[in-house]
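A short write-up of the structure that comes next.
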Amino acid sequence: MTDSNGAHEPHGATGHEAPTSTNNPNATTNGTSNMPGATGSLDPTLQAASTAATRNKPPVWAIILAVLAVLAVIIGSIAAIRTLTSSNDTPAGHKESNVTIGVKLAPTNLDIRNTAGSALDQVLIDNVYEGLLDRGADNGVQPGIAQSWDVSDDGKTYTFELADGMTFSNGDTLDSQDVVWSLNEAIKQGYHGSEFLSAVDTVTASDSSTVIITLKEPDADLLWNLTGRAGLIYDEEAEGSYDPKTQALGSGPFTVEQFTADDSITLKRNDEYWGKNKAKTEQITIKYFTDNNAAVNALKSGDVALLAPIMPNVMQTFADDPEHYDVQPGDDTDKYTLAMNNGDGHATNDKRVRQAIRYAIDHDELIAARGGVDLPLYGPIPELDPGYEDLSALYPHDVAKAKQLLAEAGYNEQHPLKLTLTYPNIYGSEIGDMLRSQLAQAGIDLDVQEVEFSTWLEQVYTNKQYDLSLVDHNESHDIGSWANPDYYFNYNNKQVQQLINDARTAPTEQESEAKLKQAARIISEDAAADWLFNYRVTTAMAKGVEGFPVNMNQSFMPLVDFTYTKQ
Amino acid sequence: MIRFLARRIITLLVALVAISIVIFLLLRVLPGDLALVMAGVNAPASRVEALRTQLGLDEPLGMQYLHWLGSLLHGDLGASQLTGRPVASLVATRAAITFPLIGLGLLVALVVGIPLGCAAVLARSRRVRAVFQTIAVIGGAVPALWAGLVLIVLFAKGSGLLPLFPSQGFPLNAWHNPGAAFMSLILPALTVGLIVGASIMRYTRSALAEQMQSDVIAMAMACGYTRTQAVLHVGLRLALPQLVSVIGLTFAEMITGVMVIENLFALPGIGTGLINDVGHRDLLAVQGELFMLAAFFLVIGLLVDVTHRVLDPRLKG
Amino acid sequence: MQLSRSSQPGSGRSRAVWRVVLATMWAHGTGRFALVVMALWTAIALVSLFWTPVPLGLTDGFNVWAAPSLTHIMGTDGTGADMFSWLIAGMGTDLFIVIVTVALTAALGLLVESLMVSRSVALSQGSIVTVDALISIPTMLIALMLAAPLGATVIGVILACGIGYGLNLARVARPAALLAARSAYVESARANGASAVRVFFTHIVPNCMPVMIVQLSLSAGTALLAEAGLTYLGIGVPSGTPSLGRSIATSVSLITVHPTTVIWPGLTATILVVALNLLGDNLRDAIDPLRNPALRQLGHAVQSSDAAPEREA
């Protein structure tokens, strides 16, 4: 075994040891047919009879082993025949009623109120749970449980008109009572995502289909935030009757049929769904593959209909087969952020050092190594979010400039800059290795430390003990973290804070966006961090897949229109 | 015999308590905790604190240990704080993959190893014996990871030269579809079996070789057995106790020993589950699982020793 | 067999002994193979410290997962680094790991052994029970426990392997050590006032030598295999350091891309482990005067203790 304790030799309680190699002095002596047979008699006929008998009888253990071997072969072939002949009864051309799809990141439990992780949003939002508002394919706000809404002129009162005849999957009515309860519980209990409701003053119902939210101050992000966890509506009457860790009770087009942590979840069509848009596929199983090869083999053998995401190094086999597969990159808001500790006492506190790092990084190389699918990103706001601007002119790849800045900051060959990059090991070692190589060209000695995610959470995120760190900040509309001086970036720029706050309370969308653009530009100019790239998730689908969201499908994956027709 | 048993059982219990303390303390050294993991990134510190209190993580360590020890004494191994699932159930599901894998692997190993070991001793020409020796040495030197890789490249459906077996992953409904489940275990079991087989072959060979050097074989041959029969009937039978203890210990060791293979073939077994739970910092679950494993090892060790004593009356004390 | 040190007049003798030992090993086919491989391994490891076909730190994102070519004999990995160079450098890291692990195993094994054969019943019984309990902890778990707070480190691998194998060594060598410890020879030495330490090193250890040599060589091989597995799981050698495990782990990603490259790292590891095992076997045979006529001819005085059995391993 690879990790045997070294218990190589038999040594039970007696400590009896047997050598590995023995020269066998006695092996050359062997029993010949001259020896008296089993009878011990010297009579040749008797000997012949007995030796014949003993010679022809095979030893017991050999019989047992032979039987076992035969059994194994029989079982194996039966199993093989069964799997080979088992086929789907659905004739070609008909939509499958039972489809499996492959995804990478698994949720640890279903408790979307208390447990973080985009895997939960991905599988539950819009499929099992619904929010007050829905998120469109363009990352914009759409009607959800609320059919229409009105905002007062001062931006502090929101009136939502709910749809009619809504029910939860268990038959309970969904009305303003549940909405009010859900939002108030979120604020009171501090659910995950409730910080987006920080501006909320009161949530009340004026009648069974109208909900009024009043704010302490205007919040331009409120509507969008209500498309996420903050706006999810739970069944007040059913509270306590189900275990939110392993079960889900929502109003969406699917229910959770089965959930195995770290393995798979099965969604079943909710036939009592109140909305017009009923689920097109009866049962969808989401299987979580941590191993890339297993995922690839599952898609190749038809065990899954698609893979989202598919890793760049294995993408090629499917891209080369356009007859059977469709490989599409999607737009996402994932920002691979190289955080640089702006706080005091760190070498990266010096702006010139941070700038040098940004100049030294060759973003094109990083993107090429990942298959050329990702987009370059030079600021904290990705294309899909409001306030995006192309800031690539700010820090192009320029090793000479990096060296110059480092020299200005007091580093040279005798006294090189030594930094440590600490990042969670889920991102693979390639990025760390390439960054080390790139920074080495500018004279920076980078020590790469991959740690467990939980270790990263404590060491980097909570205790802020790091020089450089890398994390995929995949949330949309999260510019607010740059306005938080206590965030692990340790970035404290009053002007940026003011701008972001103004953007939040701005009366019109245009004004809000202008302020956001300004803030993003300052953050980038400050080299508060580097944004390695905007990760685009590639989905590989078998031909016949329809209605699968290719954009943003890691945090938002509505499956209501998804169908698969076997070719 | 009774005294021996009693002594061993008391030692076992003491060891279990000691191990429980070691497990508990070791896990608390890990940075990060479940509250942090659940709260994730972008959670305010207040939520992390609230979660900590909710999960009971802010109690003094001694109290936490006593709680756990108390439930252990009641036979309650604890439950995952993430999913609420009892540890026994968690381990059972994962064992439903690991144990058949080990069992199948051991079967392959025995089928391959014992005959080869016997043949290595019985072969008359030195050349042939040297060949067997080489096979044994090489078999024990192959990294399991690589052996698995080669098998995948050769035989896996979807990427192999000869697509016979599914390569990675375990079917969704596990053993409800025994055919598919069995097929997914074939390549990993072969990998395990070939490597452990080399070990078994070595043991068999050296045990039999020792017999050859002793008077037992000569006695048997004097009673009329041929050399082959003497070795196989008499020698192998005498070597059985040793072999049994080896198999027992190997089985216990393989539970974590197959972690690499489980990982390579994407089988959600005990080892993989343990690593996942440690990653989530679901310490109550990890504690329970580790304790179960330790207890299992110790009990197997005890059983092996007892079997040894029973099977081999020459052993005393 | 005891090669009692008190009978050796000086270092000239031991050099002659070693020359005979090496010659004996060389005479054997397997011994020659082992020696040649070890020599090559050491040479490659030393060279790799200063030079590799392509510099290790060089990455090339525009040329990832490339097929084998003239500049990259084994292709490139996910960062565009040369797999062949990393394999060679990995051999160096593993040589280091193996040597230090063997040293740690020997040291820990002997330490525990000394406790196990001590005259004090409490110490010996206590250590036996402790070792029995601790041995059940698999190397994998120790490595996991070490790696989780500190991250993957080479030291962690060495510690995890060294501890497990050291305890095992102590256990396996116990019969030989006990035999020596209870022998009349040792009794008389103690009666003459020799200290426990001196008795241990001059009488007990040499009696365990054959067992130890074999166990250490097996441990060396197992350490290498363990490193491969641990690095693959992420709790072994850290990512920036080359190692055989890293090369094998990288080749996992190549299954669907360049299947042929999968062969080489694992094959290299197999050959090295085979060499280590054969080295131990042949060394043990060569050092044993009973099996090595050449050593007997050297006129080396062999003093066996009264109770030493004839066929001790």
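To be explicit about the labels: the chains of the structure tokens are called A, B, and onward in the order shown, and within each one the residues are counted from 1, while ligands get numbers from 1 in the order they are shown.
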
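Proximity to Leu68 in chain A at 10 Å, evaluated using only C-alpha atoms and with sequence-adjacent residues fewer than 5 positions away removed, yields Ala62, Ile63, Val73 and Ile74 of chain A; Leu107 and Val111 of chain B.
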
Output N, CA and C atoms for every residue in that selection, as a PDB file, in the first residue's frame.
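Listed below is the output, out_25.pdb:
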ATOM      1  N   ALA A  62      -7.477 -24.992  -3.063  1.00  0.00           N
ATOM      2  CA  ALA A  62      -7.525 -24.658  -4.484  1.00  0.00           C
ATOM      3  C   ALA A  62      -8.950 -24.743  -5.000  1.00  0.00           C
ATOM      4  N   ILE A  63      -9.679 -25.722  -4.463  1.00  0.00           N
ATOM      5  CA  ILE A  63     -11.075 -25.855  -4.893  1.00  0.00           C
ATOM      6  C   ILE A  63     -11.867 -24.625  -4.490  1.00  0.00           C
ATOM      7  N   VAL A  73     -16.417 -14.357 -11.639  1.00  0.00           N
ATOM      8  CA  VAL A  73     -16.565 -14.165 -13.091  1.00  0.00           C
ATOM      9  C   VAL A  73     -18.040 -14.147 -13.474  1.00  0.00           C
ATOM     10  N   ILE A  74     -18.781 -15.054 -12.864  1.00  0.00           N
ATOM     11  CA  ILE A  74     -20.215 -15.116 -13.212  1.00  0.00           C
ATOM     12  C   ILE A  74     -20.911 -13.824 -12.826  1.00  0.00           C
TER      13      ILE A  74
ATOM     14  N   LEU B 107      -9.839  -9.996  -2.033  1.00  0.00           N
ATOM     15  CA  LEU B 107     -10.119 -11.216  -2.784  1.00  0.00           C
ATOM     16  C   LEU B 107      -9.150 -11.347  -3.944  1.00  0.00           C
ATOM     17  N   VAL B 111      -6.373 -14.253  -4.376  1.00  0.00           N
ATOM     18  CA  VAL B 111      -6.392 -15.094  -5.570  1.00  0.00           C
ATOM     19  C   VAL B 111      -5.081 -14.988  -6.329  1.00  0.00           C
TER      20      VAL B 111
END

Test item, helix (DSSP H, G or I) assignment across range 206-305 of chain C, answer as an NGL selection string
:C and (206-233 or 244-252 or 259-287 or 293-297)

Show me a table, sorted first by chain and then by increasing residue number, of the residues of chain C having an atom at most 7 Å from chain A, each with its shortest atom pair and the distance in Å to one decimal, counting only C-alpha atoms and written as a Markdown table.
| residue | atom | partner | partner_atom | distance |
| --- | --- | --- | --- | --- |
| C:Gly57 | CA | A:Ser437 | CA | 5.8 |
| C:Leu58 | CA | A:Ser437 | CA | 6.1 |
| C:Thr59 | CA | A:Met434 | CA | 5.8 |
| C:Gly61 | CA | A:Ala369 | CA | 4.2 |
| C:Phe62 | CA | A:Ala368 | CA | 5.4 |
| C:Val64 | CA | A:Ala369 | CA | 5.8 |
| C:Gly78 | CA | A:Glu430 | CA | 6.0 |
| C:Thr79 | CA | A:Glu430 | CA | 5.4 |
| C:Pro138 | CA | A:Asn5 | CA | 6.5 |
| C:Thr139 | CA | A:Asn5 | CA | 6.2 |
| C:Met140 | CA | A:Asp3 | CA | 6.6 |
| C:Gly151 | CA | A:Val451 | CA | 5.5 |
| C:Gly164 | CA | A:Asn5 | CA | 5.6 |
| C:Tyr165 | CA | A:Gly6 | CA | 5.5 |
| C:Asn168 | CA | A:Gly6 | CA | 6.4 |
| C:Arg171 | CA | A:Gly15 | CA | 6.9 |
| C:Val172 | CA | A:Gly15 | CA | 6.0 |
| C:Arg174 | CA | A:Gly15 | CA | 6.9 |
| C:Pro175 | CA | A:Gly15 | CA | 6.2 |
| C:Leu218 | CA | A:Gly6 | CA | 6.9 |
| C:Ser219 | CA | A:Gly6 | CA | 5.7 |
| C:Thr222 | CA | A:Asp3 | CA | 6.5 |
| C:Leu225 | CA | A:Thr2 | CA | 4.9 |
| C:Ala226 | CA | A:Asp3 | CA | 4.4 |
| C:Gly229 | CA | A:Thr2 | CA | 6.3 |
| C:Ser239 | CA | A:Ser429 | CA | 6.1 |
| C:Gly240 | CA | A:Asp433 | CA | 6.6 |
| C:Thr256 | CA | A:Val314 | CA | 6.9 |
| C:Val257 | CA | A:Val314 | CA | 7.0 |
| C:Asp281 | CA | A:Ser21 | CA | 6.9 |
| C:Ala313 | CA | A:Pro19 | CA | 5.6 |

Min atom-atom distance to chain A from the set B:Tyr203, B:Phe24, B:Phe291, B:Phe297, counting only C-alpha atoms, belongs to B:Tyr203

With only C-alpha atoms as the basis for distance, which of A:Asp178, A:Glu272, A:Glu525, A:Asp530 is at the shortest distance from Pro376 in chain A?
A:Asp530

Set out as a Markdown table a contact list for chain B and chain A with a cut-off of 6 Å, giving each residue of chain B that qualifies its closest atom pair and distance in Å to one decimal, counting only C-alpha atoms, ordered by chain and rising residue number.
| residue | atom | partner | partner_atom | distance |
| --- | --- | --- | --- | --- |
| B:Pro31 | CA | A:Thr455 | CA | 5.1 |
| B:Gly32 | CA | A:Glu458 | CA | 4.8 |
| B:Met38 | CA | A:Thr115 | CA | 4.5 |
| B:Ala39 | CA | A:Ala116 | CA | 5.3 |
| B:Gly40 | CA | A:Ala116 | CA | 5.1 |
| B:Thr83 | CA | A:Lys245 | CA | 5.4 |
| B:Pro143 | CA | A:Thr2 | CA | 5.9 |
| B:Ala144 | CA | A:Thr2 | CA | 5.8 |
| B:Gly158 | CA | A:Asn297 | CA | 5.4 |
| B:Gln168 | CA | A:Ala294 | CA | 4.7 |
| B:Gly169 | CA | A:Ala294 | CA | 5.7 |
| B:Gly179 | CA | A:Ala79 | CA | 4.3 |
| B:Gly224 | CA | A:Ala38 | CA | 4.4 |
| B:Thr226 | CA | A:Gly31 | CA | 5.1 |
| B:Arg227 | CA | A:Gly31 | CA | 4.9 |
| B:Val246 | CA | A:Pro10 | CA | 5.8 |
| B:Asp305 | CA | A:Ala13 | CA | 5.8 |

Who sits within 8 Å of Trp86 in chain C, only C-alpha atoms, same chain under 2 positions skipped, as JSON, numbers by chain:
{"C": [56, 81, 82, 83, 84, 88, 89, 90, 242, 243, 247]}

If we count only C-alpha atoms and set the cut-off at 7 Å, which residues sit around range 116-133 of chain B, ignoring sequence neighbours fewer than 6 positions away in its own chain? Please answer as a count of residues only.
7

For chain B, which residues have at least one atom within 8 Å of chain C, if we go by only C-alpha atoms? Write them as a PDB file with N, CA and C atoms, in the first residue's frame, please.
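The file below, result_5.pdb, is the result:
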ATOM      1  N   THR B  11      -6.913  -3.025  28.450  1.00  0.00           N
ATOM      2  CA  THR B  11      -5.961  -2.186  27.718  1.00  0.00           C
ATOM      3  C   THR B  11      -6.664  -1.441  26.585  1.00  0.00           C
ATOM      4  N   ALA B  15      -6.893   2.518  26.138  1.00  0.00           N
ATOM      5  CA  ALA B  15      -6.376   3.107  24.902  1.00  0.00           C
ATOM      6  C   ALA B  15      -7.442   3.965  24.237  1.00  0.00           C
ATOM      7  N   LEU B  26      -6.203  17.296  19.109  1.00  0.00           N
ATOM      8  CA  LEU B  26      -5.601  17.512  17.793  1.00  0.00           C
ATOM      9  C   LEU B  26      -6.522  18.317  16.890  1.00  0.00           C
ATOM     10  N   LEU B  27      -7.823  17.981  16.932  1.00  0.00           N
ATOM     11  CA  LEU B  27      -8.736  18.673  16.040  1.00  0.00           C
ATOM     12  C   LEU B  27      -8.898  20.131  16.428  1.00  0.00           C
ATOM     13  N   VAL B  29      -6.676  22.039  17.284  1.00  0.00           N
ATOM     14  CA  VAL B  29      -5.525  22.828  16.866  1.00  0.00           C
ATOM     15  C   VAL B  29      -5.754  23.451  15.493  1.00  0.00           C
ATOM     16  N   LEU B  30      -6.643  22.864  14.723  1.00  0.00           N
ATOM     17  CA  LEU B  30      -6.856  23.318  13.360  1.00  0.00           C
ATOM     18  C   LEU B  30      -7.352  24.764  13.329  1.00  0.00           C
ATOM     19  N   PRO B  31      -6.789  25.554  12.444  1.00  0.00           N
ATOM     20  CA  PRO B  31      -7.260  26.943  12.339  1.00  0.00           C
ATOM     21  C   PRO B  31      -8.604  27.003  11.651  1.00  0.00           C
ATOM     22  N   VAL B 137       8.806  -8.226  -5.700  1.00  0.00           N
ATOM     23  CA  VAL B 137       9.424  -6.950  -5.351  1.00  0.00           C
ATOM     24  C   VAL B 137       8.803  -5.812  -6.143  1.00  0.00           C
ATOM     25  N   ILE B 138       8.632  -6.042  -7.441  1.00  0.00           N
ATOM     26  CA  ILE B 138       8.055  -4.977  -8.268  1.00  0.00           C
ATOM     27  C   ILE B 138       6.633  -4.673  -7.828  1.00  0.00           C
ATOM     28  N   ALA B 141       6.489  -2.407  -5.089  1.00  0.00           N
ATOM     29  CA  ALA B 141       7.127  -1.105  -5.269  1.00  0.00           C
ATOM     30  C   ALA B 141       6.289  -0.155  -6.101  1.00  0.00           C
ATOM     31  N   VAL B 142       5.226  -0.652  -6.660  1.00  0.00           N
ATOM     32  CA  VAL B 142       4.434   0.193  -7.557  1.00  0.00           C
ATOM     33  C   VAL B 142       3.597   1.164  -6.744  1.00  0.00           C
ATOM     34  N   PRO B 143       3.648   2.444  -7.047  1.00  0.00           N
ATOM     35  CA  PRO B 143       2.773   3.378  -6.337  1.00  0.00           C
ATOM     36  C   PRO B 143       1.327   3.107  -6.720  1.00  0.00           C
ATOM     37  N   ALA B 144       0.465   3.074  -5.721  1.00  0.00           N
ATOM     38  CA  ALA B 144      -0.933   2.747  -5.986  1.00  0.00           C
ATOM     39  C   ALA B 144      -1.544   3.740  -6.967  1.00  0.00           C
ATOM     40  N   LEU B 145      -1.168   5.006  -6.789  1.00  0.00           N
ATOM     41  CA  LEU B 145      -1.710   6.042  -7.655  1.00  0.00           C
ATOM     42  C   LEU B 145      -1.395   5.725  -9.117  1.00  0.00           C
ATOM     43  N   TRP B 146      -0.172   5.345  -9.353  1.00  0.00           N
ATOM     44  CA  TRP B 146       0.243   5.080 -10.706  1.00  0.00           C
ATOM     45  C   TRP B 146      -0.421   3.831 -11.262  1.00  0.00           C
ATOM     46  N   ALA B 147      -0.500   2.803 -10.422  1.00  0.00           N
ATOM     47  CA  ALA B 147      -1.153   1.577 -10.872  1.00  0.00           C
ATOM     48  C   ALA B 147      -2.576   1.883 -11.313  1.00  0.00           C
ATOM     49  N   LEU B 149      -3.718   4.756 -12.308  1.00  0.00           N
ATOM     50  CA  LEU B 149      -3.673   5.557 -13.522  1.00  0.00           C
ATOM     51  C   LEU B 149      -3.497   4.678 -14.749  1.00  0.00           C
ATOM     52  N   VAL B 150      -2.559   3.734 -14.641  1.00  0.00           N
ATOM     53  CA  VAL B 150      -2.297   2.875 -15.791  1.00  0.00           C
ATOM     54  C   VAL B 150      -3.532   2.057 -16.141  1.00  0.00           C
ATOM     55  N   ILE B 152      -6.571   2.891 -15.589  1.00  0.00           N
ATOM     56  CA  ILE B 152      -7.558   3.781 -16.200  1.00  0.00           C
ATOM     57  C   ILE B 152      -7.213   4.010 -17.665  1.00  0.00           C
ATOM     58  N   VAL B 153      -5.928   4.282 -17.910  1.00  0.00           N
ATOM     59  CA  VAL B 153      -5.536   4.553 -19.285  1.00  0.00           C
ATOM     60  C   VAL B 153      -5.783   3.334 -20.167  1.00  0.00           C
ATOM     61  N   SER B 159     -11.980   6.905 -21.809  1.00  0.00           N
ATOM     62  CA  SER B 159     -10.627   7.399 -22.068  1.00  0.00           C
ATOM     63  C   SER B 159      -9.626   6.281 -22.268  1.00  0.00           C
ATOM     64  N   GLU B 253      -5.755  -1.627   8.047  1.00  0.00           N
ATOM     65  CA  GLU B 253      -4.903  -0.556   7.539  1.00  0.00           C
ATOM     66  C   GLU B 253      -5.425  -0.016   6.223  1.00  0.00           C
ATOM     67  N   THR B 256      -7.868   3.424   5.579  1.00  0.00           N
ATOM     68  CA  THR B 256      -7.338   4.714   5.155  1.00  0.00           C
ATOM     69  C   THR B 256      -6.317   4.536   4.046  1.00  0.00           C
ATOM     70  N   GLY B 257      -5.776   3.330   3.931  1.00  0.00           N
ATOM     71  CA  GLY B 257      -4.782   3.117   2.898  1.00  0.00           C
ATOM     72  C   GLY B 257      -5.346   3.271   1.501  1.00  0.00           C
ATOM     73  N   VAL B 260      -6.087   7.145  -1.344  1.00  0.00           N
ATOM     74  CA  VAL B 260      -5.579   7.654  -2.617  1.00  0.00           C
ATOM     75  C   VAL B 260      -6.372   7.061  -3.775  1.00  0.00           C
ATOM     76  N   ASN B 263      -9.790   8.486  -3.972  1.00  0.00           N
ATOM     77  CA  ASN B 263      -9.719   9.820  -4.526  1.00  0.00           C
ATOM     78  C   ASN B 263      -9.553   9.769  -6.035  1.00  0.00           C
ATOM     79  N   ALA B 294     -10.513   4.394  15.067  1.00  0.00           N
ATOM     80  CA  ALA B 294      -9.544   3.931  16.056  1.00  0.00           C
ATOM     81  C   ALA B 294     -10.075   2.698  16.767  1.00  0.00           C
ATOM     82  N   PHE B 297      -9.763  -0.275  14.507  1.00  0.00           N
ATOM     83  CA  PHE B 297      -8.394  -0.785  14.433  1.00  0.00           C
ATOM     84  C   PHE B 297      -8.054  -1.609  15.644  1.00  0.00           C
ATOM     85  N   LEU B 298      -8.345  -1.020  16.815  1.00  0.00           N
ATOM     86  CA  LEU B 298      -7.953  -1.694  18.044  1.00  0.00           C
ATOM     87  C   LEU B 298      -8.686  -3.019  18.205  1.00  0.00           C
TER      88      LEU B 298
END
